[in-house]
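Engineer: The structure under discussion is supplied below as structure tokens; questions concerning it will follow.
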Amino acid sequence: MSRFFATGSDSESEESSSADEITPKATGTTFNKPALLLSDDEEDTKRVVRSAKDKRFEELTNIIKTIRNAMKIRDMSKCLEEFEQLYRAFLKSKTIVDKEGVPQFYIRLLADLEDYLNQLWEDKEGKKKMNKNNAKALSTLRQKIRKYNKDFETEIASYKEVLNSSTNVISLCRCQDEESESDDDEDSEDWGSDSVDSGGESEDNEGAAASLAVVFLKKYKDGRRKRHKKIEQVEEEVDEDGEAEEGGWEKVKGGVPLVKEKPKMFAKGTEINSAVVIKKLTEILQARGKKGTDRAAQIELLHALSGISNENNLGQGILVKIKFNIIASLYDYNTNLAAFMKPEMWKKCLECIDELLDILFENNNIFIGENIAEDSENLAISDQPFRVRGCILTLVERMDEEFTKIMQNTDPHSQEYVDNLKDEGRVCGIIDRLLQYLESKGSTEEVCRIYLRRIMHTYYKFDYKAHRRSLGLQGETKSEQDQEESEGEDSAIIMDRLCKFIYAKDRTDRIRTCAILCHIYHHALHSRWYQARDLMLMSHLQDNIQHADPPVQILYNRTMVQLGICAFRQGMIKDAHNALLDIQSSGRAKELLGQGLLMRNMQERNAEQEKIEKRRQVPFHMHINLELLECVYLVSAMLLEIPYMAAHEFDARRRMISKQFHHQLRVGERQPLLGPPESMREHVVAASKAMKMGDWRTCHSFIINEKMNSKVWDLFPETQCVREMLVRKIQEESLRTYLFTYSSVYDSISMETLSEMFELELPTVHSIISKMIINEELMASLDQPTQTVVMHRTEPTSLQNMALQLAEKLGGLVENNERVFDLKQGVYGGYFNRGTRTRP
Amino acid sequence: MCFGPFPLHQTMASRKESAASGSSPLETPVKQIQIDGLVVLKIIKHYQEEGQGSEVVQGVLLGLVVEDSLEITNCFPFPQHTEDDVDFDEVQYQMEMMRSLRHVNIDHLHVGWYQSTHYGSFVSRALLDSQFSYQHAIEESVVLIYDPIKTAQGSLCLKAYRLTPKLMEICKEKDFSPEGLKKACIGFEIMFEEVPIVIKNSHLINVLLLDLQEKSTVADKHELLNLSSSNHLEKSLQLLMDRVDDMNQDIGKYNTYCRNLSKQQQQKQQYLQRRQQENTQRQSRGEPPLPEEDISKMFKPPQAPPRMDTLLIAGQVTCQSVIFMGRSLF
């Protein structure tokens with residue numbers, strides 16, 4: 001739409017009106033009500049809350065209106081007064097102008113006013129007729145505006161350029177009636193404000209301006225005062241079925257005052273055919289995205305339209321098209337990206353998509369695609385299959401995102417969240433149906449995309465059914481069993497099939513990466529450790545994940561954590577520790593997993609970043625329990641670190657395996673009074689202390705008890721296995737610690753005693769001790785006949801240890817000293833050559 | 001360990017008086033120290049009462065120089081005071097104390113000070129400074145070092161030290177740069193000299209002791225045979241190790257200094273050579289030579305690390321290792 005055309009006609013009319021001196025009606029009263037509910041003005045009167053921009057601009061337009069009126073009656077003093085007011089108002093809205101740019105209507109007024117004043121100035125006779133006041137005002141105003149306009153020279157110039165080009169068009173069909181002059185004026189005012197609103201989207205080309213001009217003028221040819229916002233296609237439609245259009249417009253006009261009633265679409269007598277409906281549809285869609293468009297009403301209208309087309313059996317093509325648009329406008333309902341759908345909207349959206357899918361499944365002869373051009377669509381019933389523009393996949397993807405958004409914005413501890421979560425089934429259902437549809441009709445890329453969606457809804461869910469089956473538990477009754485069987489294949493099989501398809505067919509790296517990560521996650525979740533680990537290692541994701549975008553990185557972090565927890569469940573403590581180390585050592589696990597924002601770096605990020613980060617959050621039902629994560633990490637660190645510490649007690653260069661674990665130990669030590677442990681961390685610290693003494697029973701009771709069960713261990717699906725594994729590990733590591741710590745006290749120790757002490761079987765004790773001896777951790781030998789461990793006593797005492805350390809240090813000292821000496825003597829005069837040098 | 005040099009102004013004055021009255025600057029240096037049994041007991045008692053852990057107790061020695069031996073006949077502890085009672089006047093206290101002792105006809109001449117030590121870690125800057133100021137004012141003064149831990153094990157450990165004349169000179173000049181120390185030919189071995197100690201009791205006390213010895217049982221002596229000294233050994237080893245670390249650090253510092261110095265020397269040499277070349281060229285062209293510039297300004301020699309601390313640490317290490325040896329042999 002042209003920004004300038006409207007004033008083009010305005011100034012045209014201005015010339016004649018100034019000559020004719022037609023007094024206009026009071027402003028605002030005779031405002032043409034635009035068609036339907038698309039009116040700006042109506043909105044304005046209803047609305048209570050308005051943005052600062054709207055307010056300021058309205059102020060300006062009001063003043064401009066008064067100025068224009070004053071211009072018409074040649075009231076120069078009034079003009080001057082108003083101009084000064086305008087000037088002040090403009091200054092007041094400076095901040096908004098700076099942001100938005102100088103509003104076009106303002107420029108227009110400045111240009112017009114200058115032209116008008118120049119005209120008056122030239123008109124000597126007219127000047128003479130003026131009274132003294134007016135004449136004086138005229139000269140001051142002329143000077144003022146001249147000066148003032150200098151600031152806006154470029155804008156005015158460009159405006160005039162457009163004006164000139166559009167006047168050409170207008171002059172072709174100049175046939176305005178005199179009586180419409182005043183209305184025209186106000187109309188154009190309206191057009192003006194409209195163009196301001198849509199300033200962002202307006203295509204500022206002459207062609208559009210011209211066509212608008214044509215439309216505009218054509219309207220007047222009919223001699224009716226009607227408003228409509230159609231630009232495109234108007235001409236062809238007029239040619240095609242002028243009659244229908246006429247009727248259509250009539251009704252629209254009539255419908256306006258009855259806002260509350262359901263607006264009628266078509267005149268009673270109108271024959272409803274597909275062309276009419278399509279035209280109506282396009283007309284409704286024209287209003288889309290414009291300010292002041294009542295989006296809710298638009299959705300209503302589209303619904304009504306779909307109902308009408310259904311009643312009249314206009315064919316599935318149109319229905320599909322309308323459905324597409326309904327869903328699109330449902331998505332449009334929220335202009336803000338961060339806002340989420342209202343529940344009723346969401347429900348409607350789901351229904352619509354469901355219906356759409358129904359239609360698509362029922363009718364095999366509908367082709368949809370986003371690259372079908374608007375004009376090559378085939379909507380009418382004919383022999384040819386329907387061709388409809390639109391992409392169902394995008395709509396479903398958007399729906400999925402909306403669902404995530406809804407979940408993100410619901411309080412996870414409320415009943416509402418649970419209610420919302422129930423929709424997940426429907427979302428999955430829709431995705432499944434679309435998947436079937438696309439498998440038969442879509443391209444590989446589309447299939448990959450929908451597969452990924454399916455995977456995203458599957459990977460984090462634990463397959464209890466398969467789990468039960470693997471445990472050999474059958475459903476209790478026959479019916480239950482049947483139900484189980486009918487429920488479909490295991491999620492593992494589904495995941496496998498979908499992911500493998502993606503690995504083979506996908507050409508965008510991102511989908512494949514996501515699929516791999518989800519696959520690993522799913523494996524890990526179901527304790528298939530080796531598959532998960534192999535897949536992770538084969539994918540080489542660890543090397544280049546830092547180049548991925550944040551959501552993928554979050555997924556990667558989630559996968560690593562899940563992998564670590566899986567390793568822990570399998571008793572692979574070292575692997576578990578390694579997998580969790582990166583996430584836990586940063587102390588930002590929450591943030592890295594996308595499960596919440598950290599408060600502390602508020603100053604590091606601004607509001608914008610925070611919004612982005614908020615959008616990345618994982619919905620609550622997909623969260624990984626952070627306490628579980630930390631506990632798993634700490635317990636694995638304990639199992640590794642405590643024996644290590646015992647073994648290297650006197651080692652000067654002992655390094656830490658886990659900094660975080662040491663930190664927790666220190667925190668525990670700093671406590672002035674040690675009460676019974678309360679939190680998970682305190683439990684682990686207390687257990688560590690017990691383990692340090694080789695007291696596995698206490699350690700066990702600290703790690704596995706009521707509190708810890710309810711907090712951590714019960715969260716695993718195979719709780720019992722994990723607990724058994726843990727007890728075993730604690731026994732073994734305690735035994736090792738015990739041997740490290742107290743071996744210097746013993747001459748020999750019977751393995752039977754050890755096995756009794758730690759409640760381990762003799763072979764296990766034997767193997768542990770053998771391993772320690774082989775690794776040269778324990779200086780001892782096994783005496784087979786008596787089943788005893790004989791200590792060699794080669795471990796140095798603490799004093800000897802210190803002496804060794806001192807010797808080492810002294811060695812360093814000597815080395816340093818020699819270096820000083822070298823420097824003095826030159827490179828070749830080292831310490832050991834000294835004698836030969838000093839000798840004469 | 002908090003102790004600084006004792007304030008000496010007034011004592012100096014009092015010393016001058018006595019110097020005027022007879023024994024002017026020492027003709028012969030003190031060769032041995034004769035300590036009264038009372039002094040030893042007083043020092044031990046002082047530590048027992050006030051010292052604990054690594055804390056150090058100090059006090060003033062009183063006595064007289066007789067020919068080539070220094071007789072220490074009495075002492076009094078220096079009161080411990082915390083940082084917050086500022087009004088406490090140490091000098092005033094000393095003067096008061098000495099005056100009172102004089103009234104009861106006890107030797108009141110200041111001849112040094114004593115200090116307890118923790119595992120022989122007494123060679124420090126503070127000791128050096130305060131001993132220097134003593135010796136500066138009162139030539140014959142010594143510092144008695146008392147090792148309570150070893151004493152507790154059964155063998156009295158009391159040593160008398162003083163600064164060597166060479167070190168006195170260096171301290172007077174306050175030149176601790178590497179060059180200065182090199183010129184003075186001072187090493188850690190000859191910083192302090194130990195003066196032999198003789199403990200002397202009056203005949204009456206000797207008689208009493210003999211009498212007591214008769215009465216006491218031999219069982220009391222088993223302490224001497226106690227072998228479980230590894231705890232102390234570890235401790236002193238630990239301290240020794242710390243000192244070695246310090247030493248290492250110091251050497252590293254010195255090393256970097258030396259390297260910087262030589263590097264700069266090289267640069268200087270290069271600069272001079274270039275300059276000379278240019279000058280000869282100019283001369284051949286008949287131009288005046290370049291004006292002389294202050295080379296020392298362009299090449300500021302790097303700040304030399306003071307070596308005194310290194311020396312002290314070295315001394316400490318030696319001292320501790322000697323003590324350690326003594327302990328381990330015990």
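Every chain in the structure tokens takes a letter, A first, then B, and so on in the order presented; its residues are numbered from 1, and the ligands are numbered from 1 following the presented order.
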Skip Ile33 (chain B) itself and residues of its chain fewer than 2 positions away, then list as a ChimeraX atom specification all residues within 8 Å of it, counting only C-alpha atoms.
Structural biologist: /B:30-31,35,69-72,160,195-198
Engineer: Kindly export the residues of the current selection with all heavy atoms, as an mmCIF file, in the first residue's frame.
Structural biologist:
```
data_model
loop_
_atom_site.group_PDB
_atom_site.id
_atom_site.type_symbol
_atom_site.label_atom_id
_atom_site.label_comp_id
_atom_site.auth_asym_id
_atom_site.auth_seq_id
_atom_site.Cartn_x
_atom_site.Cartn_y
_atom_site.Cartn_z
ATOM 1 N N VAL B 30 84.924 -12.033 74.959
ATOM 2 C CA VAL B 30 84.410 -13.029 75.891
ATOM 3 C C VAL B 30 84.650 -14.411 75.313
ATOM 4 O O VAL B 30 84.289 -14.694 74.163
ATOM 5 C CB VAL B 30 82.910 -12.793 76.138
ATOM 6 C CG1 VAL B 30 82.327 -13.941 76.921
ATOM 7 C CG2 VAL B 30 82.693 -11.485 76.853
ATOM 8 N N LYS B 31 85.259 -15.276 76.080
ATOM 9 C CA LYS B 31 85.570 -16.609 75.549
ATOM 10 C C LYS B 31 84.576 -17.651 76.035
ATOM 11 O O LYS B 31 84.327 -18.634 75.381
ATOM 12 C CB LYS B 31 86.974 -17.010 75.996
ATOM 13 C CG LYS B 31 88.056 -16.243 75.254
ATOM 14 C CD LYS B 31 89.106 -17.213 74.686
ATOM 15 C CE LYS B 31 90.151 -16.497 73.860
ATOM 16 N NZ LYS B 31 91.163 -15.787 74.700
ATOM 17 N N ILE B 35 76.980 -19.430 83.533
ATOM 18 C CA ILE B 35 75.589 -19.145 83.881
ATOM 19 C C ILE B 35 75.290 -19.690 85.261
ATOM 20 O O ILE B 35 75.671 -20.810 85.594
ATOM 21 C CB ILE B 35 74.622 -19.782 82.869
ATOM 22 C CG1 ILE B 35 75.014 -19.385 81.452
ATOM 23 C CG2 ILE B 35 73.196 -19.379 83.145
ATOM 24 C CD1 ILE B 35 74.163 -20.011 80.398
ATOM 25 N N SER B 69 85.452 -13.997 80.585
ATOM 26 C CA SER B 69 84.180 -14.742 80.653
ATOM 27 C C SER B 69 83.052 -13.814 81.099
ATOM 28 O O SER B 69 83.254 -12.867 81.824
ATOM 29 C CB SER B 69 84.317 -15.929 81.618
ATOM 30 O OG SER B 69 84.131 -15.494 82.926
ATOM 31 N N LEU B 70 81.899 -14.186 80.584
ATOM 32 C CA LEU B 70 80.712 -13.390 80.910
ATOM 33 C C LEU B 70 79.902 -14.153 81.934
ATOM 34 O O LEU B 70 79.495 -15.294 81.700
ATOM 35 C CB LEU B 70 79.887 -13.166 79.631
ATOM 36 C CG LEU B 70 78.543 -12.480 79.792
ATOM 37 C CD1 LEU B 70 78.730 -11.024 80.218
ATOM 38 C CD2 LEU B 70 77.750 -12.552 78.507
ATOM 39 N N GLU B 71 79.735 -13.552 83.059
ATOM 40 C CA GLU B 71 78.971 -14.223 84.099
ATOM 41 C C GLU B 71 77.552 -13.707 84.080
ATOM 42 O O GLU B 71 77.301 -12.519 84.248
ATOM 43 C CB GLU B 71 79.627 -13.968 85.463
ATOM 44 C CG GLU B 71 80.940 -14.693 85.606
ATOM 45 C CD GLU B 71 81.585 -14.426 86.968
ATOM 46 O OE1 GLU B 71 80.918 -13.832 87.845
ATOM 47 O OE2 GLU B 71 82.750 -14.805 87.121
ATOM 48 N N ILE B 72 76.630 -14.645 83.873
ATOM 49 C CA ILE B 72 75.212 -14.257 83.899
ATOM 50 C C ILE B 72 74.666 -14.737 85.225
ATOM 51 O O ILE B 72 74.608 -15.939 85.490
ATOM 52 C CB ILE B 72 74.447 -14.890 82.733
ATOM 53 C CG1 ILE B 72 75.070 -14.462 81.403
ATOM 54 C CG2 ILE B 72 72.981 -14.503 82.789
ATOM 55 C CD1 ILE B 72 74.505 -15.158 80.200
ATOM 56 N N ALA B 160 74.339 -20.350 73.740
ATOM 57 C CA ALA B 160 74.588 -18.911 73.709
ATOM 58 C C ALA B 160 75.152 -18.544 72.341
ATOM 59 O O ALA B 160 76.065 -19.219 71.838
ATOM 60 C CB ALA B 160 75.565 -18.527 74.796
ATOM 61 N N VAL B 195 79.033 -19.488 71.830
ATOM 62 C CA VAL B 195 79.985 -19.298 72.927
ATOM 63 C C VAL B 195 79.766 -20.432 73.922
ATOM 64 O O VAL B 195 78.611 -20.728 74.257
ATOM 65 C CB VAL B 195 79.738 -17.947 73.615
ATOM 66 C CG1 VAL B 195 80.916 -17.600 74.507
ATOM 67 C CG2 VAL B 195 79.513 -16.857 72.593
ATOM 68 N N PRO B 196 80.829 -21.095 74.336
ATOM 69 C CA PRO B 196 80.643 -22.198 75.289
ATOM 70 C C PRO B 196 80.035 -21.726 76.602
ATOM 71 O O PRO B 196 80.290 -20.610 77.060
ATOM 72 C CB PRO B 196 82.051 -22.765 75.483
ATOM 73 C CG PRO B 196 82.990 -21.751 74.932
ATOM 74 C CD PRO B 196 82.247 -20.934 73.936
ATOM 75 N N ILE B 197 79.250 -22.612 77.151
ATOM 76 C CA ILE B 197 78.516 -22.261 78.378
ATOM 77 C C ILE B 197 79.001 -23.146 79.528
ATOM 78 O O ILE B 197 79.231 -24.347 79.342
ATOM 79 C CB ILE B 197 77.002 -22.483 78.188
ATOM 80 C CG1 ILE B 197 76.456 -21.483 77.174
ATOM 81 C CG2 ILE B 197 76.269 -22.349 79.511
ATOM 82 C CD1 ILE B 197 75.006 -21.704 76.863
ATOM 83 N N VAL B 198 79.142 -22.541 80.637
ATOM 84 C CA VAL B 198 79.414 -23.310 81.844
ATOM 85 C C VAL B 198 78.341 -22.942 82.851
ATOM 86 O O VAL B 198 78.052 -21.773 83.055
ATOM 87 C CB VAL B 198 80.791 -22.954 82.425
ATOM 88 C CG1 VAL B 198 81.015 -23.693 83.733
ATOM 89 C CG2 VAL B 198 81.889 -23.272 81.439
#
```
Engineer: Give the strand (DSSP E) residues of region 158-283 of chain B, as DSSP finds them on the backbone, and put them as a VMD selection string.
Structural biologist: chain B and resid 158 to 163 192 to 195 197 to 200
Engineer: Within 12 Å of chain A, which residues of chain B show up when using only C-alpha atoms, listed as a ChimeraX atom specification?
Structural biologist: /B:229-263,314,317,321,324,328
Engineer: Distance CA of Ile299 (chain A)-CA of Asp423 (chain A), one decimal place?
Structural biologist: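 Atom-to-atom, CA of Ile299 (chain A) to CA of Asp423 (chain A), that is 22.0 Å.
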Engineer: Mind the document's chain letters and residue numbers, and return as a ChimeraX atom specification the residues of region 48-265 of chain B that DSSP labels helix (DSSP H, G or I).
Structural biologist: /B:48-50,90-103,125-137,148-152,165-173,178-184,188-190,203-215,218-225,230-265
Engineer: How would the residues just chosen look if you wrote them out with C-alpha atoms as a CSV table (one decimal), in the first residue's frame?
Structural biologist:
```
chain,number,residue,atom,x,y,z
B,48,GLN,CA,56.7,-23.6,81.5
B,49,GLU,CA,54.4,-20.9,82.8
B,50,GLU,CA,53.9,-18.8,79.7
B,90,GLU,CA,58.4,-1.8,77.7
B,91,VAL,CA,61.4,0.4,78.4
B,92,GLN,CA,59.8,1.7,81.5
B,93,TYR,CA,59.2,-1.8,82.7
B,94,GLN,CA,62.8,-2.8,82.1
B,95,MET,CA,64.1,0.3,83.9
B,96,GLU,CA,61.8,-0.3,86.8
B,97,MET,CA,62.8,-3.9,87.1
B,98,MET,CA,66.5,-3.2,87.0
B,99,ARG,CA,66.2,-0.5,89.5
B,100,SER,CA,64.4,-2.7,91.9
B,101,LEU,CA,66.9,-5.5,91.4
B,102,ARG,CA,69.7,-3.0,92.1
B,103,HIS,CA,68.0,-2.2,95.4
B,125,ARG,CA,65.6,-11.7,60.8
B,126,ALA,CA,64.1,-10.5,64.0
B,127,LEU,CA,66.7,-12.3,66.1
B,128,LEU,CA,69.4,-10.8,63.9
B,129,ASP,CA,68.1,-7.3,64.2
B,130,SER,CA,67.6,-7.4,67.9
B,131,GLN,CA,70.9,-9.1,68.6
B,132,PHE,CA,72.6,-6.5,66.4
B,133,SER,CA,71.1,-3.7,68.3
B,134,TYR,CA,72.2,-5.3,71.6
B,135,GLN,CA,75.7,-6.0,70.5
B,136,HIS,CA,75.9,-2.5,69.0
B,137,ALA,CA,75.2,-1.0,72.4
B,148,PRO,CA,62.1,-26.5,75.8
B,149,ILE,CA,61.2,-29.6,73.8
B,150,LYS,CA,64.6,-31.2,74.1
B,151,THR,CA,64.8,-30.2,77.7
B,152,ALA,CA,61.6,-31.9,78.3
B,165,PRO,CA,82.4,-9.1,64.1
B,166,LYS,CA,82.1,-9.5,60.3
B,167,LEU,CA,78.4,-9.7,60.4
B,168,MET,CA,78.3,-6.8,62.8
B,169,GLU,CA,80.1,-4.7,60.2
B,170,ILE,CA,77.7,-5.6,57.5
B,171,CYS,CA,74.8,-4.9,59.6
B,172,LYS,CA,76.2,-1.5,60.5
B,173,GLU,CA,76.5,-0.7,56.8
B,178,PRO,CA,75.0,-9.8,46.7
B,179,GLU,CA,78.1,-7.8,46.0
B,180,GLY,CA,78.4,-6.4,49.5
B,181,LEU,CA,78.1,-9.9,51.0
B,182,LYS,CA,80.6,-11.2,48.5
B,183,LYS,CA,83.1,-8.5,49.4
B,184,ALA,CA,82.7,-9.1,53.1
B,188,PHE,CA,75.9,-18.6,56.6
B,189,GLU,CA,78.6,-20.5,58.5
B,190,ILE,CA,80.2,-17.4,60.0
B,203,HIS,CA,79.0,-24.7,96.7
B,204,LEU,CA,75.9,-24.7,98.9
B,205,ILE,CA,73.7,-25.6,96.0
B,206,ASN,CA,76.1,-28.3,94.9
B,207,VAL,CA,76.0,-29.8,98.3
B,208,LEU,CA,72.3,-29.8,98.3
B,209,LEU,CA,72.2,-31.4,94.9
B,210,LEU,CA,74.5,-34.1,96.0
B,211,ASP,CA,72.4,-34.7,99.0
B,212,LEU,CA,69.3,-35.0,96.8
B,213,GLN,CA,71.0,-37.3,94.4
B,214,GLU,CA,71.7,-39.7,97.2
B,215,LYS,CA,68.1,-39.7,98.1
B,218,VAL,CA,67.4,-44.3,89.7
B,219,ALA,CA,64.0,-44.9,88.2
B,220,ASP,CA,63.7,-41.2,87.5
B,221,LYS,CA,66.3,-41.5,84.9
B,222,HIS,CA,64.5,-43.8,82.6
B,223,GLU,CA,63.2,-40.9,80.6
B,224,LEU,CA,66.6,-40.6,79.1
B,225,LEU,CA,66.2,-43.9,77.4
B,230,SER,CA,59.7,-40.0,66.1
B,231,ASN,CA,57.0,-37.6,66.7
B,232,HIS,CA,59.5,-34.8,67.4
B,233,LEU,CA,61.5,-36.0,64.5
B,234,GLU,CA,58.6,-35.7,62.2
B,235,LYS,CA,57.9,-32.2,63.4
B,236,SER,CA,61.4,-31.0,62.9
B,237,LEU,CA,61.6,-32.7,59.6
B,238,GLN,CA,58.5,-30.9,58.6
B,239,LEU,CA,60.0,-27.6,59.6
B,240,LEU,CA,63.2,-28.4,57.9
B,241,MET,CA,61.3,-29.1,54.7
B,242,ASP,CA,59.5,-25.8,54.9
B,243,ARG,CA,62.8,-24.0,55.2
B,244,VAL,CA,64.2,-25.9,52.2
B,245,ASP,CA,61.2,-24.8,50.3
B,246,ASP,CA,61.9,-21.2,51.3
B,247,MET,CA,65.5,-21.6,50.3
B,248,ASN,CA,64.4,-23.0,46.9
B,249,GLN,CA,62.2,-20.0,46.3
B,250,ASP,CA,65.0,-17.6,47.2
B,251,ILE,CA,67.4,-19.3,44.9
B,252,GLY,CA,64.9,-19.1,42.2
B,253,LYS,CA,64.6,-15.4,42.7
B,254,TYR,CA,68.3,-15.0,42.7
B,255,ASN,CA,68.5,-17.0,39.6
B,256,THR,CA,66.1,-14.9,37.7
B,257,TYR,CA,67.9,-11.8,38.9
B,258,CYS,CA,71.2,-13.1,37.6
B,259,ARG,CA,69.7,-14.0,34.3
B,260,ASN,CA,68.2,-10.6,33.9
B,261,LEU,CA,71.4,-9.0,34.8
B,262,SER,CA,73.4,-10.9,32.3
B,263,LYS,CA,70.8,-10.3,29.6
B,264,GLN,CA,71.0,-6.6,30.2
B,265,GLN,CA,74.7,-6.6,30.2
```
Engineer: Applying 9 Å and only C-alpha atoms, which residues near Leu434 (chain A) remain after dropping the ones on its own chain fewer than 6 positions away? List them as JSON, numbers by chain.
Structural biologist: {"A": [357, 392, 393, 396, 450]}
Engineer: Restricted to N, CA, C and O atoms, what would the selected residues look like written as a tab-separated table (two decimals), in the first residue's frame?
Structural biologist:
```
chain	number	residue	atom	x	y	z
A	357	LEU	N	-6.48	-33.27	9.26
A	357	LEU	CA	-5.87	-34.57	8.96
A	357	LEU	C	-6.93	-35.57	8.52
A	357	LEU	O	-6.70	-36.37	7.61
A	392	ILE	N	1.32	-28.67	5.93
A	392	ILE	CA	0.77	-29.23	7.16
A	392	ILE	C	1.87	-29.52	8.17
A	392	ILE	O	1.72	-29.34	9.37
A	393	LEU	N	3.05	-29.87	7.66
A	393	LEU	CA	4.16	-30.22	8.54
A	393	LEU	C	4.56	-29.01	9.39
A	393	LEU	O	4.76	-29.12	10.60
A	396	VAL	N	2.09	-28.44	12.08
A	396	VAL	CA	2.19	-29.39	13.20
A	396	VAL	C	3.43	-29.08	14.03
A	396	VAL	O	3.40	-29.15	15.26
A	450	ILE	N	9.37	-35.02	10.46
A	450	ILE	CA	8.29	-35.53	11.31
A	450	ILE	C	8.80	-36.67	12.17
A	450	ILE	O	8.39	-36.82	13.32
```
Engineer: For Asp490 (chain A), work out the shell of residues within 10 Å, counting only C-alpha atoms and skipping chain neighbours fewer than 5 positions away, then give it as a list in words.
Structural biologist: Asp463, Tyr464, Lys465, Ala466, His467, Glu485, Met495 and Asp496 of chain A
Engineer: May I have the residues within 10 Å of Val40 (chain B) as a list in words, using only C-alpha atoms and disregarding those fewer than 5 positions away in the same chain?
Structural biologist: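 Listing them by chain and then by number gives Ile35, Lys45, His46, Ile72, Thr73, Asn74, Cys75, Tyr146, Leu156, Leu158 and Ile199 of chain B.
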